[in-house]
Every structure is written in C-alpha cells, then in structure tokens.
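Structure below is coords36.txt: compact mmCIF, C-alpha atoms.
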# COMPACT_ATOMS: atom_id res chain seq x y z
CA MET A 1 -28.18 7.95 14.53
CA ILE A 2 -26.80 7.43 11.08
CA GLU A 3 -29.06 6.23 8.35
CA THR A 4 -27.63 3.15 6.76
CA THR A 5 -30.43 1.88 4.59
CA ILE A 6 -29.23 0.16 1.45
CA PRO A 7 -30.37 2.32 -1.45
CA ARG A 8 -33.21 0.61 -3.29
CA GLY A 9 -32.68 -0.30 -6.90
CA THR A 10 -28.89 -0.43 -6.79
CA PRO A 11 -27.67 -2.53 -9.69
CA LEU A 12 -25.10 -4.17 -7.41
CA PRO A 13 -26.91 -7.41 -6.47
CA ARG A 14 -28.34 -7.88 -9.95
CA ILE A 15 -25.09 -7.75 -11.88
CA ARG A 16 -23.06 -9.63 -9.30
CA PRO A 17 -23.67 -13.17 -10.64
CA TRP A 18 -22.73 -12.01 -14.13
CA LEU A 19 -19.66 -10.31 -12.77
CA GLY A 20 -18.71 -13.58 -11.09
CA ILE A 21 -19.17 -15.56 -14.28
CA ALA A 22 -17.20 -13.02 -16.31
CA ALA A 23 -14.40 -13.00 -13.72
CA ALA A 24 -14.17 -16.80 -13.60
CA ALA A 25 -14.27 -17.16 -17.39
CA SER A 26 -11.66 -14.51 -18.06
CA PHE A 27 -9.49 -15.97 -15.30
CA VAL A 28 -9.56 -19.35 -17.05
CA VAL A 29 -8.78 -17.75 -20.42
CA ALA A 30 -5.93 -15.70 -18.96
CA SER A 31 -4.42 -18.74 -17.21
CA ALA A 32 -4.61 -20.80 -20.41
CA MET A 33 -2.98 -18.01 -22.40
CA ALA A 34 -0.26 -17.59 -19.81
CA LEU A 35 0.50 -21.31 -19.67
CA PHE A 36 0.18 -22.38 -23.29
CA TRP A 37 0.04 -19.46 -25.69
CA ALA A 38 2.66 -17.04 -24.42
CA PRO A 39 6.17 -17.93 -25.68
CA THR A 40 8.90 -19.11 -23.33
CA ASP A 41 11.30 -16.45 -22.13
CA ALA A 42 14.77 -16.57 -23.68
CA VAL A 43 16.64 -15.97 -20.43
CA GLN A 44 14.45 -17.25 -17.63
CA GLY A 45 12.68 -20.09 -19.44
CA ASP A 46 9.25 -21.18 -18.23
CA VAL A 47 9.77 -19.74 -14.78
CA TYR A 48 8.96 -16.27 -16.05
CA ARG A 49 5.32 -17.31 -16.52
CA ILE A 50 4.68 -16.41 -12.92
CA LEU A 51 4.86 -12.85 -14.27
CA TYR A 52 1.26 -13.30 -15.39
CA VAL A 53 0.26 -13.79 -11.76
CA HIS A 54 2.76 -11.51 -10.07
CA VAL A 55 2.14 -8.34 -12.08
CA PRO A 56 -1.70 -8.48 -12.00
CA LEU A 57 -1.56 -9.10 -8.25
CA ALA A 58 0.69 -6.07 -7.84
CA TRP A 59 -1.67 -4.00 -9.96
CA LEU A 60 -4.63 -5.10 -7.87
CA ALA A 61 -2.81 -4.35 -4.63
CA TYR A 62 -2.15 -0.81 -5.79
CA LEU A 63 -5.65 -0.42 -7.23
CA ALA A 64 -7.26 -1.64 -4.03
CA PHE A 65 -5.34 0.85 -1.91
CA VAL A 66 -6.06 3.73 -4.26
CA VAL A 67 -9.74 2.82 -3.93
CA VAL A 68 -9.31 2.88 -0.14
CA PHE A 69 -7.86 6.36 -0.47
CA LEU A 70 -10.66 7.66 -2.70
CA ALA A 71 -13.34 6.11 -0.51
CA SER A 72 -11.67 7.59 2.59
CA VAL A 73 -11.67 11.07 1.08
CA ALA A 74 -15.27 10.59 0.01
CA TRP A 75 -16.25 9.52 3.54
CA LEU A 76 -14.60 12.55 5.14
CA TRP A 77 -16.29 14.73 2.56
CA THR A 78 -19.83 13.37 2.52
CA LYS A 79 -20.10 11.10 5.61
CA ARG A 80 -22.11 8.62 3.62
CA PRO A 81 -21.74 5.13 5.14
CA PHE A 82 -21.54 3.62 1.65
CA PHE A 83 -18.02 5.00 1.22
CA ASP A 84 -16.89 3.49 4.49
CA ALA A 85 -18.14 0.13 3.27
CA VAL A 86 -16.17 0.57 0.04
CA ALA A 87 -13.04 1.49 2.00
CA VAL A 88 -13.12 -1.52 4.30
CA ALA A 89 -13.99 -3.89 1.45
CA SER A 90 -11.15 -2.62 -0.68
CA ALA A 91 -8.68 -2.68 2.22
CA GLU A 92 -9.45 -6.30 3.02
CA ILE A 93 -9.15 -7.36 -0.61
CA GLY A 94 -5.98 -5.30 -0.91
CA VAL A 95 -4.41 -7.08 2.05
CA LEU A 96 -5.32 -10.41 0.47
CA PHE A 97 -3.79 -9.53 -2.90
CA THR A 98 -0.70 -7.93 -1.38
CA GLY A 99 -0.11 -11.12 0.57
CA LEU A 100 -0.50 -13.24 -2.57
CA PHE A 101 1.70 -10.77 -4.43
CA LEU A 102 4.50 -11.21 -1.89
CA VAL A 103 4.13 -14.98 -1.98
CA ALA A 104 4.18 -15.09 -5.79
CA GLY A 105 7.20 -12.79 -5.82
CA SER A 106 8.96 -15.03 -3.34
CA ILE A 107 8.29 -18.11 -5.45
CA TRP A 108 9.65 -16.29 -8.48
CA ALA A 109 12.68 -14.99 -6.62
CA LYS A 110 13.93 -18.44 -5.57
CA PRO A 111 14.72 -19.79 -9.07
CA THR A 112 15.81 -16.47 -10.59
CA TRP A 113 17.72 -14.72 -7.79
CA GLY A 114 18.50 -17.81 -5.73
CA VAL A 115 16.86 -16.48 -2.56
CA TRP A 116 13.32 -16.46 -1.22
CA TRP A 117 13.63 -13.02 0.27
CA THR A 118 16.16 -10.24 0.30
CA TRP A 119 16.21 -6.94 2.11
CA GLU A 120 15.91 -4.94 -1.02
CA PRO A 121 13.96 -1.63 -1.08
CA ARG A 122 11.17 -2.81 -3.35
CA LEU A 123 10.46 -5.92 -1.32
CA VAL A 124 10.73 -4.10 1.97
CA THR A 125 8.35 -1.33 0.94
CA THR A 126 5.81 -3.85 -0.33
CA ALA A 127 6.01 -5.75 2.94
CA ILE A 128 5.55 -2.42 4.72
CA MET A 129 2.49 -1.70 2.63
CA PHE A 130 1.10 -5.06 3.71
CA VAL A 131 1.75 -4.39 7.41
CA MET A 132 0.31 -0.90 7.09
CA TYR A 133 -3.03 -2.13 5.81
CA VAL A 134 -3.13 -4.89 8.38
CA GLY A 135 -2.76 -2.00 10.83
CA TYR A 136 -5.62 -0.25 9.08
CA LEU A 137 -7.86 -3.25 9.65
CA LEU A 138 -6.65 -3.48 13.24
CA LEU A 139 -7.52 0.17 13.84
CA ARG A 140 -11.01 -0.55 12.53
CA GLY A 141 -11.35 -3.63 14.64
CA LEU A 142 -10.50 -1.77 17.85
CA SER A 143 -12.92 1.11 17.35
CA THR A 144 -16.48 0.80 18.55
CA ASP A 145 -18.44 3.85 17.48
CA PHE A 146 -19.41 3.75 13.82
CA SER A 147 -18.75 7.25 12.60
CA ARG A 148 -15.64 7.72 14.71
CA ARG A 149 -14.29 4.41 13.50
CA ALA A 150 -14.93 5.37 9.90
CA THR A 151 -13.26 8.76 10.32
CA ARG A 152 -10.19 7.33 12.04
CA ALA A 153 -9.85 4.65 9.43
CA ALA A 154 -10.29 7.21 6.66
CA VAL A 155 -7.51 9.42 8.03
CA PHE A 156 -5.19 6.45 8.31
CA GLY A 157 -6.22 5.25 4.85
CA ILE A 158 -5.19 8.60 3.40
CA VAL A 159 -1.88 8.62 5.24
CA ALA A 160 -1.13 5.05 4.23
CA VAL A 161 -1.80 5.52 0.54
CA ILE A 162 1.08 7.97 0.33
CA ASP A 163 3.23 4.88 0.64
CA VAL A 164 1.93 3.40 -2.62
CA PRO A 165 3.75 5.75 -5.05
CA ILE A 166 6.85 5.43 -2.89
CA VAL A 167 6.69 1.69 -3.36
CA HIS A 168 6.62 2.09 -7.10
CA LEU A 169 9.26 4.80 -7.28
CA SER A 170 11.64 3.09 -4.88
CA VAL A 171 12.62 0.78 -7.72
CA LEU A 172 13.77 3.76 -9.73
CA TRP A 173 15.43 5.50 -6.78
CA ALA A 174 17.54 2.64 -5.62
CA ASN A 175 19.37 0.63 -8.23
CA SER A 176 18.77 -2.80 -6.96
CA LEU A 177 18.27 -6.46 -7.58
CA HIS A 178 14.64 -6.17 -8.63
CA GLN A 179 14.14 -5.78 -12.34
CA LEU A 180 12.84 -2.43 -13.52
CA PRO A 181 9.14 -2.05 -14.19
CA THR A 182 8.51 -3.62 -17.56
CA VAL A 183 5.17 -2.20 -18.64
CA LEU A 184 4.94 1.32 -17.26
CA ARG A 185 8.31 2.65 -18.25
CA ILE A 186 9.15 6.30 -18.52
CA ALA A 187 10.66 6.13 -21.98
CA GLY A 188 9.46 4.09 -24.92
CA SER A 189 7.18 1.12 -25.31
CA PRO A 190 6.97 -1.87 -22.97
CA ALA A 191 9.92 -4.24 -23.25
CA LEU A 192 7.87 -7.31 -23.99
CA ASP A 193 7.01 -9.46 -26.98
CA THR A 194 3.56 -8.76 -28.40
CA PRO A 195 2.05 -12.16 -27.40
CA MET A 196 3.50 -11.73 -23.93
CA LEU A 197 2.08 -8.24 -23.68
CA VAL A 198 -1.36 -9.36 -24.88
CA THR A 199 -1.35 -12.20 -22.36
CA LEU A 200 -0.33 -9.81 -19.61
CA MET A 201 -3.10 -7.38 -20.52
CA VAL A 202 -5.70 -10.18 -20.56
CA SER A 203 -4.43 -11.28 -17.13
CA LEU A 204 -4.70 -7.74 -15.83
CA GLY A 205 -8.28 -7.53 -17.10
CA ALA A 206 -9.19 -10.90 -15.62
CA TYR A 207 -7.76 -10.06 -12.19
CA THR A 208 -9.49 -6.70 -12.23
CA LEU A 209 -12.81 -8.47 -12.84
CA VAL A 210 -12.06 -10.76 -9.90
CA TYR A 211 -11.43 -7.66 -7.80
CA ALA A 212 -14.70 -6.10 -8.96
CA TYR A 213 -16.57 -9.28 -8.06
CA PHE A 214 -14.99 -9.47 -4.59
CA MET A 215 -15.74 -5.80 -4.09
CA SER A 216 -19.41 -6.07 -4.99
CA ALA A 217 -19.83 -9.03 -2.67
CA ARG A 218 -17.92 -7.46 0.23
CA VAL A 219 -19.55 -4.03 -0.08
CA SER A 220 -23.07 -5.43 0.04
CA LEU A 221 -22.06 -7.58 3.01
CA GLU A 222 -20.69 -4.51 4.80
CA LEU A 223 -23.81 -2.49 4.01
CA ALA A 224 -25.98 -5.25 5.42
CA ARG A 225 -23.79 -5.35 8.52
CA GLN A 226 -24.00 -1.58 8.94
CA GLY A 227 -27.76 -1.78 8.68
CA ARG A 228 -27.91 -4.51 11.31
CA LEU A 229 -25.38 -3.22 13.83
CA TRP A 230 -25.35 0.53 13.76
CA THR A 231 -28.96 1.54 13.27
CA ARG A 232 -30.26 -0.46 16.19
CA THR A 233 -28.60 1.65 18.90
CA MET B 1 18.51 13.94 22.00
CA ALA B 2 19.17 13.25 18.35
CA ALA B 3 22.09 15.67 18.45
CA ILE B 4 23.58 14.02 21.54
CA GLY B 5 23.08 10.57 20.07
CA GLY B 6 24.63 11.59 16.79
CA LEU B 7 27.64 13.25 18.44
CA LEU B 8 28.14 10.31 20.78
CA SER B 9 28.09 7.78 17.97
CA LEU B 10 30.54 9.90 15.99
CA VAL B 11 32.93 10.16 18.91
CA LEU B 12 32.54 6.66 20.33
CA LEU B 13 32.74 4.90 17.00
CA ASP B 14 35.47 7.27 15.83
CA LEU B 15 33.77 7.62 12.47
CA PRO B 16 35.57 9.46 9.70
CA VAL B 17 33.09 11.98 8.30
CA ALA B 18 33.69 12.69 4.65
CA LEU B 19 30.97 15.35 4.24
CA PRO B 20 30.06 17.01 7.58
CA LEU B 21 27.64 19.52 6.06
CA HIS B 22 25.75 16.87 4.13
CA LEU B 23 25.59 14.78 7.29
CA LEU B 24 24.15 17.72 9.21
CA VAL B 25 21.49 18.29 6.53
CA VAL B 26 20.47 14.63 6.52
CA VAL B 27 20.30 14.46 10.32
CA LEU B 28 18.27 17.65 10.62
CA LEU B 29 15.81 16.57 7.93
CA GLY B 30 15.55 13.17 9.55
CA VAL B 31 14.63 14.79 12.86
CA VAL B 32 12.02 16.95 11.13
CA ALA B 33 10.57 14.15 9.00
CA LEU B 34 9.89 11.59 11.70
CA PRO B 35 7.49 13.25 14.21
CA PRO B 36 4.48 14.37 12.10
CA ILE B 37 3.26 10.90 11.28
CA VAL B 38 3.67 9.74 14.87
CA VAL B 39 1.55 12.68 16.01
CA VAL B 40 -1.12 11.75 13.48
CA ASP B 41 -1.17 8.18 14.76
CA VAL B 42 -1.35 9.30 18.37
CA VAL B 43 -4.34 11.50 17.56
CA LEU B 44 -6.01 8.64 15.73
CA ALA B 45 -5.58 6.22 18.61
CA LEU B 46 -6.35 8.76 21.32
CA ARG B 47 -9.70 7.42 22.47
CA LEU B 48 -8.98 3.74 22.04
CA ARG B 49 -8.32 1.35 24.88
CA ALA B 50 -5.42 -0.35 23.12
CA ARG B 51 -3.74 2.90 22.09
CA ALA B 52 -0.44 2.07 23.78
CA ALA B 53 -0.10 -0.95 21.53
CA LEU B 54 -1.73 0.56 18.48
CA VAL B 55 0.43 3.65 18.01
CA PRO B 56 3.70 1.80 17.37
CA ILE B 57 1.94 -0.73 15.15
CA LEU B 58 0.47 2.04 13.03
CA ALA B 59 3.54 4.28 13.08
CA LEU B 60 6.33 1.80 12.43
CA PRO B 61 5.44 0.79 8.85
CA VAL B 62 4.94 4.43 7.87
CA LEU B 63 8.24 5.35 9.48
CA VAL B 64 10.33 2.61 7.93
CA PRO B 65 10.78 4.30 4.50
CA GLN B 66 11.93 7.45 6.28
CA LEU B 67 14.30 5.50 8.51
CA VAL B 68 15.70 3.77 5.45
CA ALA B 69 16.18 7.12 3.71
CA ALA B 70 17.83 8.58 6.81
CA THR B 71 20.25 5.68 7.26
CA ARG B 72 21.11 5.52 3.57
CA GLY B 73 21.64 9.30 3.52
CA THR B 74 23.80 9.16 6.61
CA SER B 75 25.99 6.40 5.24
CA ALA B 76 26.31 8.30 1.95
CA ALA B 77 27.41 11.42 3.84
CA LEU B 78 29.90 9.42 5.91
CA THR B 79 31.47 7.74 2.91
CA GLY B 80 31.62 10.88 0.78
CA ASP B 81 28.86 10.23 -1.73
CA ALA B 82 27.57 13.82 -2.02
CA LEU B 83 24.92 13.12 -4.66
CA GLY B 84 23.57 10.14 -2.73
CA ALA B 85 23.39 12.10 0.51
CA LEU B 86 21.56 14.96 -1.16
CA SER B 87 19.03 12.76 -2.95
CA TRP B 88 18.20 10.86 0.26
CA ALA B 89 17.96 14.23 2.03
CA GLY B 90 15.55 15.36 -0.69
CA LEU B 91 13.43 12.29 -0.06
CA LEU B 92 13.40 13.04 3.67
CA PHE B 93 12.37 16.62 2.91
CA ALA B 94 9.52 15.34 0.74
CA PHE B 95 8.37 13.06 3.57
CA ALA B 96 8.48 15.93 6.04
CA VAL B 97 6.45 18.24 3.80
CA VAL B 98 3.90 15.63 2.71
CA TYR B 99 3.17 14.25 6.17
CA THR B 100 3.05 17.68 7.76
CA VAL B 101 0.59 18.94 5.16
CA VAL B 102 -1.52 15.79 5.36
CA GLY B 103 -1.45 15.88 9.14
CA LEU B 104 -2.51 19.51 9.33
CA THR B 105 -5.30 19.11 6.76
CA ILE B 106 -7.00 15.88 7.81
CA VAL B 107 -6.26 15.52 11.50
CA PRO B 108 -8.73 18.30 12.47
CA ALA B 109 -11.33 16.11 10.78
CA ALA B 110 -10.29 13.19 12.97
CA ILE B 111 -10.43 15.16 16.19
CA GLU B 112 -13.94 16.50 15.48

Produce structure tokens that represent the structure in this file.
Amino acid sequence: MIETTIPRGTPLPRIRPWLGIAAAASFVVASAMALFWAPTDAVQGDVYRILYVHVPLAWLAYLAFVVVFLASVAWLWTKRPFFDAVAVASAEIGVLFTGLFLVAGSIWAKPTWGVWWTWEPRLVTTAIMFVMYVGYLLLRGLSTDFSRRATRAAVFGIVAVIDVPIVHLSVLWANSLHQLPTVLRIAGSPALDTPMLVTLMVSLGAYTLVYAYFMSARVSLELARQGRLWTRT
Amino acid sequence: MAAIGGLLSLVLLDLPVALPLHLLVVVLLGVVALPPIVVVDVVLALRLRARAALVPILALPVLVPQLVAATRGTSAALTGDALGALSWAGLLFAFAVVYTVVGLTIVPAAIE
C-alpha cells in the first residue's frame, strides 16, 4: 500500500500560527486602507471600494486553481500523496473564493450596472469555473481507491485549469459590459491612482496570506486523513 | 447527425445565410471540438458507480465555452460578420487542438 507518513521536521505546523497572525493582521490593515485611506472614485463613488475585495478574491481563485494544476501534474509525475493533498486543499479553497468572488461581483454589479447578474461572457465563464471545480470535488467524493481517486482528480484538474486563461481572455475577446482588466493590461501602466494601486496591492498580499494559512491548515489535515484512512487497508 | 440537424434548421427556419462557407467552417470545427473532452470525462468516470450522472456534470461546464463559441460563430456567419465568424472558428479550433492533445497525453495515465 502507499506510504503516507507525514515527513518529520516539516516546517508546516511550526510556522502556521505565525502565518495565521500575519494573515489576520494584514487583512485588518488592508481593510482599513481600503475603507479609509484610498480616495473615493470620481465616477462610481464609494461603491468602487468593493474592488479591494473583488479583485483579490479573483486573484486567489485563479491562484488556487493554478496550484491545483501544478499539484495534479506533480502527482501524475511522482505519485507522492503530498501533492494530492495540496491539490484537494487548493481546490476546496478555490471553490470557496470563487463563490465569494461571484457574490462580491454580484453586489458590485447591482449599483453600477443595475442588475445582479447578466449573461455576459466573463460572468458566465467564472460561474462555469465554479461549477467545474465543484465537479472536481464531486469526482473525488465518489471515488474510493486512493491512488485511482488521486489520478482521476489530477487528470480532471489539468483539464479544468485550461478554462482559467479562457476566463481571463474572454473579457478581451468579447467586448462586453464588464470593465476591462485594470491592473494587468497589455499596454501601459495600470489605470489607477497611486494610493488606490497601493491599497489594492496590500489587499492582494493580505488575501494571499489568508490563502497560504488556509492551505497549510488544510494540507496537514488531508495528510493526517491520508495517514488514517489509506494506510490501514 | 450534426449535418442533418444543421440542414433541417436551415430549411425549417428558412434562415438567410450570409456566409455559407464561414458557416460550414464553424459547424465543422464545432463538431470536431466537442467530443474530445467528453471522451476524457467518460474515461475518468469509467469505474465509478455514479458514472451516468457524473459524466454530464463534469462535461457540461467544460463544454459551455465551446458551445458559446459555436453559437456566436454561427450567428456571425448567418448575419454576415466574416471577421467574427472566423475569430470564433479560431477559438473552436484552439479548443479542439488543446483538448485533443491534453486528452491523448494524460488519459493513458488515467487508464493505467
């Protein structure tokens, strides 16, 4: 059977509390900056401040699914159970953040576009991404054998991640209601005021720390579960 | 089947086709682009008890971008937007290539 012992001396459990503290502190700082320091938008007014939640959530959703992809490739390559744990942890967190991302976008859309939801390519592809990773978790949940489950999930994780660049590019392909990406533009510098940009960057950093904290917690949980369930048989 | 369906809808709905060649390209690419990912999902779900339910759940979200591209390309070809039809056809072509390559490279790993 597969060996799933947790490697001794991993720094994971030792740095986790510090990671949690850093994530919480930077989250508070980022929220304060977003609410009080960043200037009010000339066109949208205070409503635009949801940008500081919406964009980091989008970034995390993409990041999480890229991590799923890398971990899936690594699993197929090495068959080390650690990578499967990383993949499932990242997929679960990715589903969470994609859900929040859609909700935040919806809340932003109501005052600015006048609708909660519209069948516009960007929104549809993001919703698809959400459903796809729910399907990923479903596929995992229905499999019983450890290594077969991990392989199946890895193949689907690789197929699904191809959707992520399509989600980003669909905004450029189809001229639509959604505003163009503000930060990662093809030509020139980001179209944001400096304080706004700084706030956005701090938010991105804070949310990434939150992701790292969730990941460390979920991965060690999954490793413990692997050790309990799969070695016994 | 796709050909019959396409012809029937053209005849029954009495659609004016502005760019027949573009339409043909879009339809052919659409037919080529859709199956690979379904095959991948079928292989993935092969040994599972709930495979009958799982395959559509897994396949549909992956198929939706291609269906959107196919419908947008078709409507562009019908209304005479040559550039639109070709760019959607290009997207369909990309889907077909990417999913075929991915399917052929990683599915053997899944079958074991």

**Q.** Interface list for chain B, partner chain A, 7 Å threshold, only C-alpha atoms, as a VMD selection string
**A.** chain B and resid 44 48 57 to 58 61 106 110

Q) So how many Å separate atom CA of B:Leu104 and atom CA of B:Val42, to one decimal? A)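 Going from atom CA of B:Leu104 over to atom CA of B:Val42 covers 13.7 Å.
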
Q: Could you give me, as a VMD selection string, the residues within 9 Å of B:Phe93, counting only C-alpha atoms and dropping anything in the same chain fewer than 6 positions from it?
A: chain B and resid 29 to 30 32 to 33

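Take the candidates A:Leu19, A:Met201, A:Val28, A:Ala34 and check each one against A:Phe214 using only C-alpha atoms; the shortest distance goes to A:Leu19.
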
Q | Distance of atom CA of A:Thr126 from atom CA of A:Val161, expressed in Å to one decimal place | A | 12.1 Å

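You will find atom CA of B:Val55 at 12.9 Å from atom CA of B:Pro36.
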
Q | Nearest candidate to B:Ala70 (options B:Ala50, B:Val25, B:Val107, B:Val40; using only C-alpha atoms) | A | B:Val25

Q | Option closest in space to A:Tyr48, from A:Ser216, A:Thr112, A:Thr98, A:Thr78 [counting all atoms listed in the file] | A |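 Among the listed residues, A:Thr112 lies closest to A:Tyr48.
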
Q. Any idea what's packed within 10 Å of B:Val39, counting all atoms listed in the file, ignoring anything in its chain fewer than 4 positions away? Could you give it as a list in words?
A. Leu34, Pro35, Val43, Leu44, Ala45, Val55, Ala59, Thr100, Gly103 and Val107 of chain B

Q. Which residue gives the smallest distance to A:Gly141 among B:Leu86, B:Ala76, B:Leu54, B:Leu13, with only C-alpha atoms counted?
A. B:Leu54

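Residue nearest A:Ser220 within the list A:Pro81, A:Pro165, A:Gly94, A:Pro39: A:Pro81 [criterion: smallest interatomic distance, all atoms listed in the file].
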
Listed atoms of stretch 70-78 of chain B, axis-aligned box, 3 Å per side: centre and edge lengths to one decimal in Å, as lines of an AutoDock Vina configuration file?
center_x = 23.9
center_y = 8.5
center_z = 4.6
size_x = 18.1
size_y = 11.9
size_z = 11.3

**Q.** Given all atoms listed in the file as the counted atoms, nearest of B:Ala82, B:Ile37, B:Met1, B:Val27 to B:Val62
**A.**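 Counting all atoms listed in the file, the residue closest to B:Val62 is B:Ile37.
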
For stretch 71-81 of chain B of the structure just presented, write all heavy atoms to a file, as an mmCIF file, in the first residue's frame.
data_model
loop_
_atom_site.group_PDB
_atom_site.id
_atom_site.type_symbol
_atom_site.label_atom_id
_atom_site.label_comp_id
_atom_site.auth_asym_id
_atom_site.auth_seq_id
_atom_site.Cartn_x
_atom_site.Cartn_y
_atom_site.Cartn_z
ATOM 1 N N THR B 71 -22.084 28.897 -31.038
ATOM 2 C CA THR B 71 -23.313 29.644 -31.335
ATOM 3 C C THR B 71 -22.994 31.060 -31.799
ATOM 4 O O THR B 71 -23.603 31.561 -32.752
ATOM 5 C CB THR B 71 -24.235 29.706 -30.107
ATOM 6 O OG1 THR B 71 -23.445 30.035 -28.972
ATOM 7 C CG2 THR B 71 -24.934 28.401 -29.877
ATOM 8 N N ARG B 72 -22.017 31.693 -31.128
ATOM 9 C CA ARG B 72 -21.654 33.051 -31.547
ATOM 10 C C ARG B 72 -21.099 33.039 -32.967
ATOM 11 O O ARG B 72 -21.409 33.916 -33.780
ATOM 12 C CB ARG B 72 -20.617 33.655 -30.589
ATOM 13 C CG ARG B 72 -21.134 33.889 -29.187
ATOM 14 C CD ARG B 72 -22.098 35.042 -29.082
ATOM 15 N NE ARG B 72 -21.448 36.312 -29.243
ATOM 16 C CZ ARG B 72 -20.997 37.050 -28.233
ATOM 17 N NH1 ARG B 72 -21.139 36.639 -27.008
ATOM 18 N NH2 ARG B 72 -20.414 38.215 -28.448
ATOM 19 N N GLY B 73 -20.264 32.022 -33.280
ATOM 20 C CA GLY B 73 -19.697 31.916 -34.622
ATOM 21 C C GLY B 73 -20.771 31.680 -35.662
ATOM 22 O O GLY B 73 -20.772 32.290 -36.734
ATOM 23 N N THR B 74 -21.725 30.810 -35.312
ATOM 24 C CA THR B 74 -22.818 30.534 -36.247
ATOM 25 C C THR B 74 -23.632 31.783 -36.518
ATOM 26 O O THR B 74 -23.947 32.100 -37.664
ATOM 27 C CB THR B 74 -23.735 29.441 -35.674
ATOM 28 O OG1 THR B 74 -22.924 28.355 -35.258
ATOM 29 C CG2 THR B 74 -24.702 28.955 -36.717
ATOM 30 N N SER B 75 -23.965 32.518 -35.456
ATOM 31 C CA SER B 75 -24.795 33.706 -35.674
ATOM 32 C C SER B 75 -24.013 34.753 -36.461
ATOM 33 O O SER B 75 -24.587 35.458 -37.292
ATOM 34 C CB SER B 75 -25.289 34.267 -34.337
ATOM 35 O OG SER B 75 -24.257 34.920 -33.662
ATOM 36 N N ALA B 76 -22.690 34.815 -36.238
ATOM 37 C CA ALA B 76 -21.883 35.758 -37.022
ATOM 38 C C ALA B 76 -21.904 35.375 -38.498
ATOM 39 O O ALA B 76 -22.029 36.230 -39.374
ATOM 40 C CB ALA B 76 -20.457 35.788 -36.493
ATOM 41 N N ALA B 77 -21.798 34.063 -38.770
ATOM 42 C CA ALA B 77 -21.796 33.609 -40.161
ATOM 43 C C ALA B 77 -23.163 33.853 -40.809
ATOM 44 O O ALA B 77 -23.253 34.191 -41.989
ATOM 45 C CB ALA B 77 -21.443 32.134 -40.236
ATOM 46 N N LEU B 78 -24.224 33.693 -40.046
ATOM 47 C CA LEU B 78 -25.560 33.896 -40.595
ATOM 48 C C LEU B 78 -25.829 35.359 -40.897
ATOM 49 O O LEU B 78 -26.507 35.691 -41.863
ATOM 50 C CB LEU B 78 -26.624 33.368 -39.623
ATOM 51 C CG LEU B 78 -26.740 31.847 -39.515
ATOM 52 C CD1 LEU B 78 -27.768 31.485 -38.460
ATOM 53 C CD2 LEU B 78 -27.120 31.240 -40.845
ATOM 54 N N THR B 79 -25.289 36.241 -40.062
ATOM 55 C CA THR B 79 -25.592 37.655 -40.253
ATOM 56 C C THR B 79 -24.573 38.361 -41.142
ATOM 57 O O THR B 79 -24.731 39.535 -41.441
ATOM 58 C CB THR B 79 -25.658 38.387 -38.896
ATOM 59 O OG1 THR B 79 -24.448 38.089 -38.181
ATOM 60 C CG2 THR B 79 -26.843 37.930 -38.076
ATOM 61 N N GLY B 80 -23.491 37.647 -41.516
ATOM 62 C CA GLY B 80 -22.560 38.243 -42.461
ATOM 63 C C GLY B 80 -21.368 38.929 -41.832
ATOM 64 O O GLY B 80 -20.701 39.733 -42.466
ATOM 65 N N ASP B 81 -21.087 38.601 -40.567
ATOM 66 C CA ASP B 81 -19.928 39.175 -39.901
ATOM 67 C C ASP B 81 -18.746 38.214 -40.091
ATOM 68 O O ASP B 81 -18.494 37.326 -39.281
ATOM 69 C CB ASP B 81 -20.253 39.373 -38.411
ATOM 70 C CG ASP B 81 -19.058 39.860 -37.622
ATOM 71 O OD1 ASP B 81 -18.055 40.235 -38.255
ATOM 72 O OD2 ASP B 81 -19.138 39.863 -36.380
#
